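Q: Coordinates in query26.pdb, PDB, C-alpha atoms and all ligand atoms, are listed below.
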```
ATOM      1  CA  MET E 433     -18.129 -23.906 -12.143
ATOM      2  CA  THR E 434     -17.317 -20.413 -10.946
ATOM      3  CA  PRO E 435     -13.723 -19.385 -11.666
ATOM      4  CA  PRO E 436     -11.475 -18.834  -8.617
ATOM      5  CA  LYS E 437     -11.423 -15.323  -7.194
ATOM      6  CA  ARG E 438      -8.533 -13.184  -8.348
ATOM      7  CA  LYS E 439      -7.046 -11.844  -5.153
ATOM      8  CA  ALA E 440      -4.101  -9.444  -4.853
ATOM      9  CA  LEU E 441      -2.063  -8.368  -1.864
ATOM     10  CA  PHE E 442      -0.941  -4.709  -1.797
ATOM     11  CA  PRO E 443       1.892  -4.611   0.753
ATOM     12  CA  GLY E 444       3.572  -1.505   2.129
ATOM     13  CA  SER E 445       4.292   0.668   5.127
ATOM     14  CA  PHE E 446       1.552   3.184   4.308
ATOM     15  CA  ASP E 447       2.885   5.663   6.875
ATOM     16  CA  PRO E 448       0.586   7.348   6.010
ATOM     17  CA  PHE E 449      -1.689   6.043   3.217
ATOM     18  CA  THR E 450      -1.765   8.653   0.411
ATOM     19  CA  ILE E 451      -3.901   9.434  -2.629
ATOM     20  CA  GLY E 452      -1.145   7.727  -4.658
ATOM     21  CA  HIS E 453      -1.790   4.447  -2.820
ATOM     22  CA  GLU E 454      -5.561   4.958  -3.044
ATOM     23  CA  ALA E 455      -5.427   5.447  -6.827
ATOM     24  CA  ILE E 456      -3.416   2.244  -7.313
ATOM     25  CA  VAL E 457      -5.987   0.253  -5.290
ATOM     26  CA  LYS E 458      -8.951   1.766  -7.151
ATOM     27  CA  ARG E 459      -7.436   0.973 -10.532
ATOM     28  CA  ALA E 460      -6.469  -2.531  -9.436
ATOM     29  CA  LEU E 461     -10.097  -3.205  -8.422
ATOM     30  CA  LYS E 462     -10.818  -3.380 -12.163
ATOM     31  CA  MET E 463      -8.319  -6.223 -12.479
ATOM     32  CA  PHE E 464      -8.895  -8.178  -9.257
ATOM     33  CA  ASP E 465     -11.951  -9.416  -7.365
ATOM     34  CA  GLU E 466     -10.414  -8.735  -3.961
ATOM     35  CA  ILE E 467      -7.508  -6.673  -2.672
ATOM     36  CA  VAL E 468      -5.880  -7.099   0.718
ATOM     37  CA  ILE E 469      -3.953  -4.013   1.788
ATOM     38  CA  ALA E 470      -1.193  -5.493   3.930
ATOM     39  CA  VAL E 471       0.553  -3.171   6.360
ATOM     40  CA  GLY E 472       4.013  -4.481   7.218
ATOM     41  CA  ALA E 473       4.577  -4.606  10.966
ATOM     42  CA  ASN E 474       8.031  -6.087  11.272
ATOM     43  CA  GLU E 475      10.410  -3.534   9.895
ATOM     44  CA  SER E 476      10.788  -0.995  12.640
ATOM     45  CA  LYS E 477      11.491   1.522   9.891
ATOM     46  CA  ARG E 478      13.237   4.623  11.055
ATOM     47  CA  GLY E 479      11.055   7.633  10.839
ATOM     48  CA  GLY E 480       7.839   5.734  11.601
ATOM     49  CA  PHE E 481       5.147   8.310  12.259
ATOM     50  CA  PHE E 482       1.748   6.683  12.712
ATOM     51  CA  SER E 483       1.267   3.592  14.861
ATOM     52  CA  LEU E 484       0.358   0.354  13.139
ATOM     53  CA  ASN E 485      -3.175   0.523  14.571
ATOM     54  CA  ASP E 486      -3.666   4.062  13.306
ATOM     55  CA  ARG E 487      -2.483   3.082   9.828
ATOM     56  CA  LEU E 488      -4.898   0.146   9.779
ATOM     57  CA  ALA E 489      -7.766   2.382  10.928
ATOM     58  CA  MET E 490      -6.980   5.101   8.373
ATOM     59  CA  ILE E 491      -6.938   2.659   5.477
ATOM     60  CA  SER E 492     -10.220   1.118   6.694
ATOM     61  CA  ASP E 493     -11.716   4.647   6.700
ATOM     62  CA  ALA E 494     -10.568   5.161   3.105
ATOM     63  CA  PHE E 495     -12.285   1.972   1.873
ATOM     64  CA  SER E 496     -15.254   1.728   4.251
ATOM     65  CA  ASP E 497     -17.626   1.618   1.255
ATOM     66  CA  GLU E 498     -15.655  -0.976  -0.717
ATOM     67  CA  PRO E 499     -16.297  -4.530   0.514
ATOM     68  CA  ARG E 500     -13.748  -5.960  -1.929
ATOM     69  CA  VAL E 501     -10.901  -4.235  -0.069
ATOM     70  CA  THR E 502      -9.707  -5.509   3.307
ATOM     71  CA  VAL E 503      -6.881  -4.266   5.501
ATOM     72  CA  GLU E 504      -4.562  -6.423   7.550
ATOM     73  CA  SER E 505      -1.180  -6.223   9.221
ATOM     74  CA  TYR E 506       1.501  -8.835   8.789
ATOM     75  CA  GLN E 507       4.913  -9.843   9.988
ATOM     76  CA  GLY E 508       7.507 -11.890   8.199
ATOM     77  CA  LEU E 509       7.951 -12.480   4.499
ATOM     78  CA  THR E 510       5.431 -10.854   2.166
ATOM     79  CA  VAL E 511       5.234 -14.016   0.017
ATOM     80  CA  ASP E 512       4.346 -16.079   3.096
ATOM     81  CA  PHE E 513       1.530 -13.692   3.995
ATOM     82  CA  CYS E 514       0.402 -13.712   0.370
ATOM     83  CA  LYS E 515       0.044 -17.510   0.470
ATOM     84  CA  LYS E 516      -1.649 -17.390   3.857
ATOM     85  CA  SER E 517      -4.186 -14.892   2.493
ATOM     86  CA  GLY E 518      -4.836 -17.016  -0.590
ATOM     87  CA  ALA E 519      -3.645 -14.196  -2.871
ATOM     88  CA  GLY E 520      -2.026 -15.130  -6.177
ATOM     89  CA  PHE E 521      -0.793 -11.634  -6.993
ATOM     90  CA  LEU E 522       1.401  -9.016  -5.397
ATOM     91  CA  LEU E 523       0.426  -5.491  -6.364
ATOM     92  CA  ARG E 524       2.907  -2.598  -6.338
ATOM     93  CA  GLY E 525       2.968   0.931  -7.711
ATOM     94  CA  LEU E 526       5.763   2.398  -9.804
ATOM     95  CA  ARG E 527       6.578   6.087  -9.861
ATOM     96  CA  THR E 528      10.154   6.442 -11.039
ATOM     97  CA  ALA E 529      13.129   4.548 -12.415
ATOM     98  CA  ALA E 530      14.374   4.262  -8.821
ATOM     99  CA  ASP E 531      11.103   2.542  -7.849
ATOM    100  CA  PHE E 532      11.551   0.216 -10.806
ATOM    101  CA  GLU E 533      15.038  -0.918  -9.776
ATOM    102  CA  TYR E 534      13.947  -1.459  -6.182
ATOM    103  CA  GLU E 535      10.787  -3.299  -7.172
ATOM    104  CA  ARG E 536      12.561  -5.393  -9.782
ATOM    105  CA  ALA E 537      14.942  -6.879  -7.222
ATOM    106  CA  ILE E 538      12.164  -7.570  -4.717
ATOM    107  CA  ALA E 539       9.872  -9.120  -7.331
ATOM    108  CA  GLN E 540      12.596 -11.342  -8.748
ATOM    109  CA  VAL E 541      13.590 -12.574  -5.296
ATOM    110  CA  ASN E 542       9.920 -13.121  -4.408
ATOM    111  CA  LYS E 543       9.506 -15.105  -7.628
ATOM    112  CA  ALA E 544      12.473 -17.290  -6.705
ATOM    113  CA  MET E 545      10.849 -17.992  -3.328
ATOM    114  CA  ALA E 546       7.258 -18.431  -4.537
ATOM    115  CA  GLN E 547       6.835 -19.388  -8.196
ATOM    116  CA  ASP E 548       3.036 -19.309  -8.059
ATOM    117  CA  ILE E 549       2.820 -15.646  -7.072
ATOM    118  CA  GLU E 550       2.927 -13.026  -9.811
ATOM    119  CA  SER E 551       3.969  -9.445  -9.089
ATOM    120  CA  VAL E 552       1.874  -6.875 -10.925
ATOM    121  CA  PHE E 553       2.904  -3.230 -11.305
ATOM    122  CA  LEU E 554       0.770  -0.227 -12.074
ATOM    123  CA  LEU E 555       2.405   2.985 -13.237
ATOM    124  CA  THR E 556       1.377   5.934 -11.144
ATOM    125  CA  ALA E 557      -0.846   8.630 -12.605
ATOM    126  CA  PRO E 558       1.429  11.567 -13.565
ATOM    127  CA  GLN E 559      -0.087  13.859 -10.923
ATOM    128  CA  HIS E 560       0.775  11.340  -8.172
ATOM    129  CA  THR E 561       4.410  10.817  -9.152
ATOM    130  CA  PRO E 562       5.849  13.225  -6.549
ATOM    131  CA  ILE E 563       3.657  12.014  -3.681
ATOM    132  CA  ASN E 564       5.403   9.800  -1.191
ATOM    133  CA  SER E 565       4.832   9.001   2.447
ATOM    134  CA  THR E 566       8.244  10.339   3.512
ATOM    135  CA  ILE E 567       7.486  13.826   2.212
ATOM    136  CA  VAL E 568       3.984  13.733   3.709
ATOM    137  CA  LYS E 569       5.522  12.809   7.087
ATOM    138  CA  ASP E 570       8.007  15.674   6.831
ATOM    139  CA  ILE E 571       5.183  18.123   6.183
ATOM    140  CA  LEU E 572       3.262  16.720   9.184
ATOM    141  CA  ARG E 573       6.309  17.015  11.452
ATOM    142  CA  HIS E 574       6.518  20.690  10.586
ATOM    143  CA  GLY E 575       2.831  21.313  11.161
ATOM    144  CA  GLY E 576       1.887  21.647   7.490
ATOM    145  CA  ASP E 577      -1.410  20.756   5.850
ATOM    146  CA  VAL E 578      -1.286  17.435   4.025
ATOM    147  CA  SER E 579      -5.009  17.089   3.292
ATOM    148  CA  LYS E 580      -4.352  17.378  -0.466
ATOM    149  CA  PHE E 581      -2.223  14.255  -0.390
ATOM    150  CA  ILE E 582      -4.458  12.041   1.771
ATOM    151  CA  PRO E 583      -7.725  10.343   0.717
ATOM    152  CA  SER E 584     -10.655  12.632   1.582
ATOM    153  CA  ARG E 585     -12.270   9.899   3.715
ATOM    154  CA  ILE E 586      -9.315   9.932   6.115
ATOM    155  CA  ASP E 587      -9.606  12.477   8.916
ATOM    156  CA  LEU E 588      -6.021  12.815  10.114
ATOM    157  CA  SER E 589      -7.052  14.861  13.155
ATOM    158  CA  LYS E 590      -8.316  11.560  14.643
ATOM    159  CA  TYR E 591      -4.785  10.149  14.646
ATOM    160  CA  SER E 592      -2.067  11.657  16.767
ATOM    161  CA  GLY E 593       1.130  10.446  15.107
ATOM    162  CA  ILE E 594       4.272   9.653  17.031
ATOM    163  CA  GLY E 595       6.339  12.581  15.845
ATOM    164  CA  ARG E 596       3.796  15.305  16.501
TER     165      ARG E 596
HETATM  166  P1  LIG E 601       7.186   0.460   1.059
HETATM  167  O1  LIG E 601       7.581   0.887   2.429
HETATM  168  O2  LIG E 601       7.055  -1.024   0.878
HETATM  169  O3  LIG E 601       7.939   1.117  -0.072
HETATM  170  P2  LIG E 601       5.045   2.323   0.671
HETATM  171  O4  LIG E 601       3.988   2.493   1.680
HETATM  172  O5  LIG E 601       6.024   3.421   0.538
HETATM  173  O6  LIG E 601       5.718   0.939   0.957
HETATM  174  O7  LIG E 601       4.392   2.025  -0.745
HETATM  175  C1  LIG E 601       3.641   0.871  -1.019
HETATM  176  C2  LIG E 601       3.510   0.721  -2.532
HETATM  177  O8  LIG E 601       2.837   1.855  -3.069
HETATM  178  C3  LIG E 601       4.856   0.653  -3.264
HETATM  179  O9  LIG E 601       4.715  -0.222  -4.367
HETATM  180  C4  LIG E 601       5.056   2.061  -3.758
HETATM  181  O10 LIG E 601       5.861   2.100  -4.915
HETATM  182  C5  LIG E 601       3.612   2.445  -4.083
HETATM  183  N1  LIG E 601       3.418   3.892  -4.051
HETATM  184  C6  LIG E 601       3.743   4.760  -3.074
HETATM  185  N2  LIG E 601       3.400   6.026  -3.397
HETATM  186  C7  LIG E 601       2.842   5.955  -4.646
HETATM  187  C8  LIG E 601       2.312   6.927  -5.559
HETATM  188  N3  LIG E 601       2.310   8.223  -5.262
HETATM  189  N4  LIG E 601       1.833   6.487  -6.743
HETATM  190  C9  LIG E 601       1.869   5.170  -7.042
HETATM  191  N5  LIG E 601       2.358   4.211  -6.236
HETATM  192  C10 LIG E 601       2.843   4.594  -5.056
END
```
Translate this structure into structure tokens?
Ligand code: ADP

A:
Amino acid sequence: MTPPKRKALFPGSFDPFTIGHEAIVKRALKMFDEIVIAVGANESKRGGFFSLNDRLAMISDAFSDEPRVTVESYQGLTVDFCKKSGAGFLLRGLRTAADFEYERAIAQVNKAMAQDIESVFLLTAPQHTPINSTIVKDILRHGGDVSKFIPSRIDLSKYSGIGR
């Protein structure tokens, strides 16, 4: 009998998807058979820059050669979407102690709601610690070049961005 597929959900805003996110997914591919990158659509987060469709398209560009990675949007509770996708794991990245405190609370609450889902954390590579989507957005708003921080397969000139 073939063992069940190990499937993880990587949820986030990904506004935009950075090389920090990409590195977490690539490393997690060694641990999981399939990864669903799940772009949250419900929180109308202040400071949203790229539309949901653009974020989905960008992430698809980044993993166009990796059939084990899929990209979807979701609304509602992350644990509900995890179950719906048949994923047993929630993947998150940790950069700093602040990330840890934030992630700890979310993971413990998720565990209380869905005992069968395990949260798994990967520590960021040191060179990716300072990279976050908020800073990348700020650079974009001021017309700066963010190509260093974005996966090379993503051509940002294809996507207009709300704040530009
Ligand atoms: P959210 O809005 O849920 O915080 P983000 O898009 O900011 O979503 O991030 C999604 C996940 O990726 C989070 O677990 C976050 O900690 C992680 N992450 C973001 N940037 C990096 C990075 N540079 N290195 C490692 N993990 C990161």

Q: Excluding region 558-563 of chain E and residues on its chain fewer than 4 positions from it, collect all residues at most 10 Å away from it, counting all atoms listed in the file, and give them as a list in words.

A: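 Neighbouring residues, sequence-local ones excluded: Thr450, Ile451, Gly452, His453, Ala455, Leu526, Arg527, Thr528, Ile567, Val568, Phe581 and Ile582 of chain E.
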
Q: Could you pull the residues within 6 Å of Leu522 (chain E), counting all atoms listed in the file, minus those fewer than 4 positions along the same chain, as a list in words?

A: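 In the requested form, the answer reads Ala440, Leu441, Ser551 and Val552 of chain E.
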
Q: Quick check, in Å to one decimal: how far apart do CA of Ser505 (chain E) and CA of Gly593 (chain E) lie?

A: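 Here the two named atoms are 17.8 Å from each other.
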
Q: Just give me the gap between CA of Leu554 (chain E) and CA of Leu523 (chain E) in Å, one decimal is fine.

A: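 Result for CA of Leu554 (chain E) versus CA of Leu523 (chain E): 7.8 Å, one decimal.
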
Q: Go through E:Glu535, E:Glu504, E:Asp577, E:Asp486 one by one, measure the shortest atom-to-atom distance of each to ligand LIG 601 (chain E) using only C-alpha atoms and all ligand atoms, and give the residue with the smallest value.

A: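 Going through E:Glu535, E:Glu504, E:Asp577, E:Asp486 one by one, the smallest distance to ligand LIG 601 (chain E) is for E:Glu535.
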
Q: Identify all residues satisfying the PyMOL selection byres (((chain E and resi 482) around 8) and not hetatm) in the given file; provide them as a PDB file with C-alpha atoms, in the frame of the given file.

A:
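This is the output file selection.pdb:
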```
ATOM      1  CA  ASP E 447       2.885   5.663   6.875  1.00  0.00           C
ATOM      2  CA  PRO E 448       0.586   7.348   6.010  1.00  0.00           C
ATOM      3  CA  GLY E 480       7.839   5.734  11.601  1.00  0.00           C
ATOM      4  CA  PHE E 481       5.147   8.310  12.259  1.00  0.00           C
ATOM      5  CA  SER E 483       1.267   3.592  14.861  1.00  0.00           C
ATOM      6  CA  LEU E 484       0.358   0.354  13.139  1.00  0.00           C
ATOM      7  CA  ASP E 486      -3.666   4.062  13.306  1.00  0.00           C
ATOM      8  CA  ARG E 487      -2.483   3.082   9.828  1.00  0.00           C
ATOM      9  CA  TYR E 591      -4.785  10.149  14.646  1.00  0.00           C
ATOM     10  CA  SER E 592      -2.067  11.657  16.767  1.00  0.00           C
ATOM     11  CA  GLY E 593       1.130  10.446  15.107  1.00  0.00           C
ATOM     12  CA  ILE E 594       4.272   9.653  17.031  1.00  0.00           C
TER      13      ILE E 594
END
```

Q: Between atom N2 of ligand LIG 601 (chain E) and CA of Ala489 (chain E), what is the distance, to one decimal in Å?

A: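 Computed distance, atom N2 of ligand LIG 601 (chain E) to CA of Ala489 (chain E), equals 18.5 Å.
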
Q: Residues at most 12 Å from Glu454 (chain E), counting only C-alpha atoms, excluding those fewer than 3 positions away in the same chain, as a PyMOL selection string?

A: chain E and resi 442+446+448-451+457-461+467+469+490-495+498+501+524-525+556-557+560+563+581-586

Q: Write the residues of the preceding selection, restricted to C-alpha atoms, as a short mmCIF file (atom, residue, chain, number, x, y, z; two decimals), in the frame of the given file.

A:
```
data_model
loop_
_atom_site.label_atom_id
_atom_site.label_comp_id
_atom_site.auth_asym_id
_atom_site.auth_seq_id
_atom_site.Cartn_x
_atom_site.Cartn_y
_atom_site.Cartn_z
CA PHE E 442 -0.94 -4.71 -1.80
CA PHE E 446 1.55 3.18 4.31
CA PRO E 448 0.59 7.35 6.01
CA PHE E 449 -1.69 6.04 3.22
CA THR E 450 -1.76 8.65 0.41
CA ILE E 451 -3.90 9.43 -2.63
CA VAL E 457 -5.99 0.25 -5.29
CA LYS E 458 -8.95 1.77 -7.15
CA ARG E 459 -7.44 0.97 -10.53
CA ALA E 460 -6.47 -2.53 -9.44
CA LEU E 461 -10.10 -3.20 -8.42
CA ILE E 467 -7.51 -6.67 -2.67
CA ILE E 469 -3.95 -4.01 1.79
CA MET E 490 -6.98 5.10 8.37
CA ILE E 491 -6.94 2.66 5.48
CA SER E 492 -10.22 1.12 6.69
CA ASP E 493 -11.72 4.65 6.70
CA ALA E 494 -10.57 5.16 3.10
CA PHE E 495 -12.28 1.97 1.87
CA GLU E 498 -15.66 -0.98 -0.72
CA VAL E 501 -10.90 -4.24 -0.07
CA ARG E 524 2.91 -2.60 -6.34
CA GLY E 525 2.97 0.93 -7.71
CA THR E 556 1.38 5.93 -11.14
CA ALA E 557 -0.85 8.63 -12.60
CA HIS E 560 0.78 11.34 -8.17
CA ILE E 563 3.66 12.01 -3.68
CA PHE E 581 -2.22 14.26 -0.39
CA ILE E 582 -4.46 12.04 1.77
CA PRO E 583 -7.72 10.34 0.72
CA SER E 584 -10.66 12.63 1.58
CA ARG E 585 -12.27 9.90 3.72
CA ILE E 586 -9.32 9.93 6.12
#
```

Q: For Ser565 (chain E), which of E:Lys543, E:Pro435, E:Val468, E:Gly444 is the closest residue, counting all atoms listed in the file?

A: E:Gly444

Q: Smallest atom-to-atom distance to ligand LIG 601 (chain E): which of E:Val511, E:Ala544, E:Val471, E:Ala519, using all atoms listed in the file?

A: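 Smallest separation from ligand LIG 601 (chain E) among the options: E:Val471.
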
Q: May I ask which of the residues E:Gly520, E:Gly575, E:Pro443, E:Gly508 is the closest one to ligand LIG 601 (chain E), counting all atoms listed in the file?

A: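 The answer is E:Pro443, which sits nearest to ligand LIG 601 (chain E).
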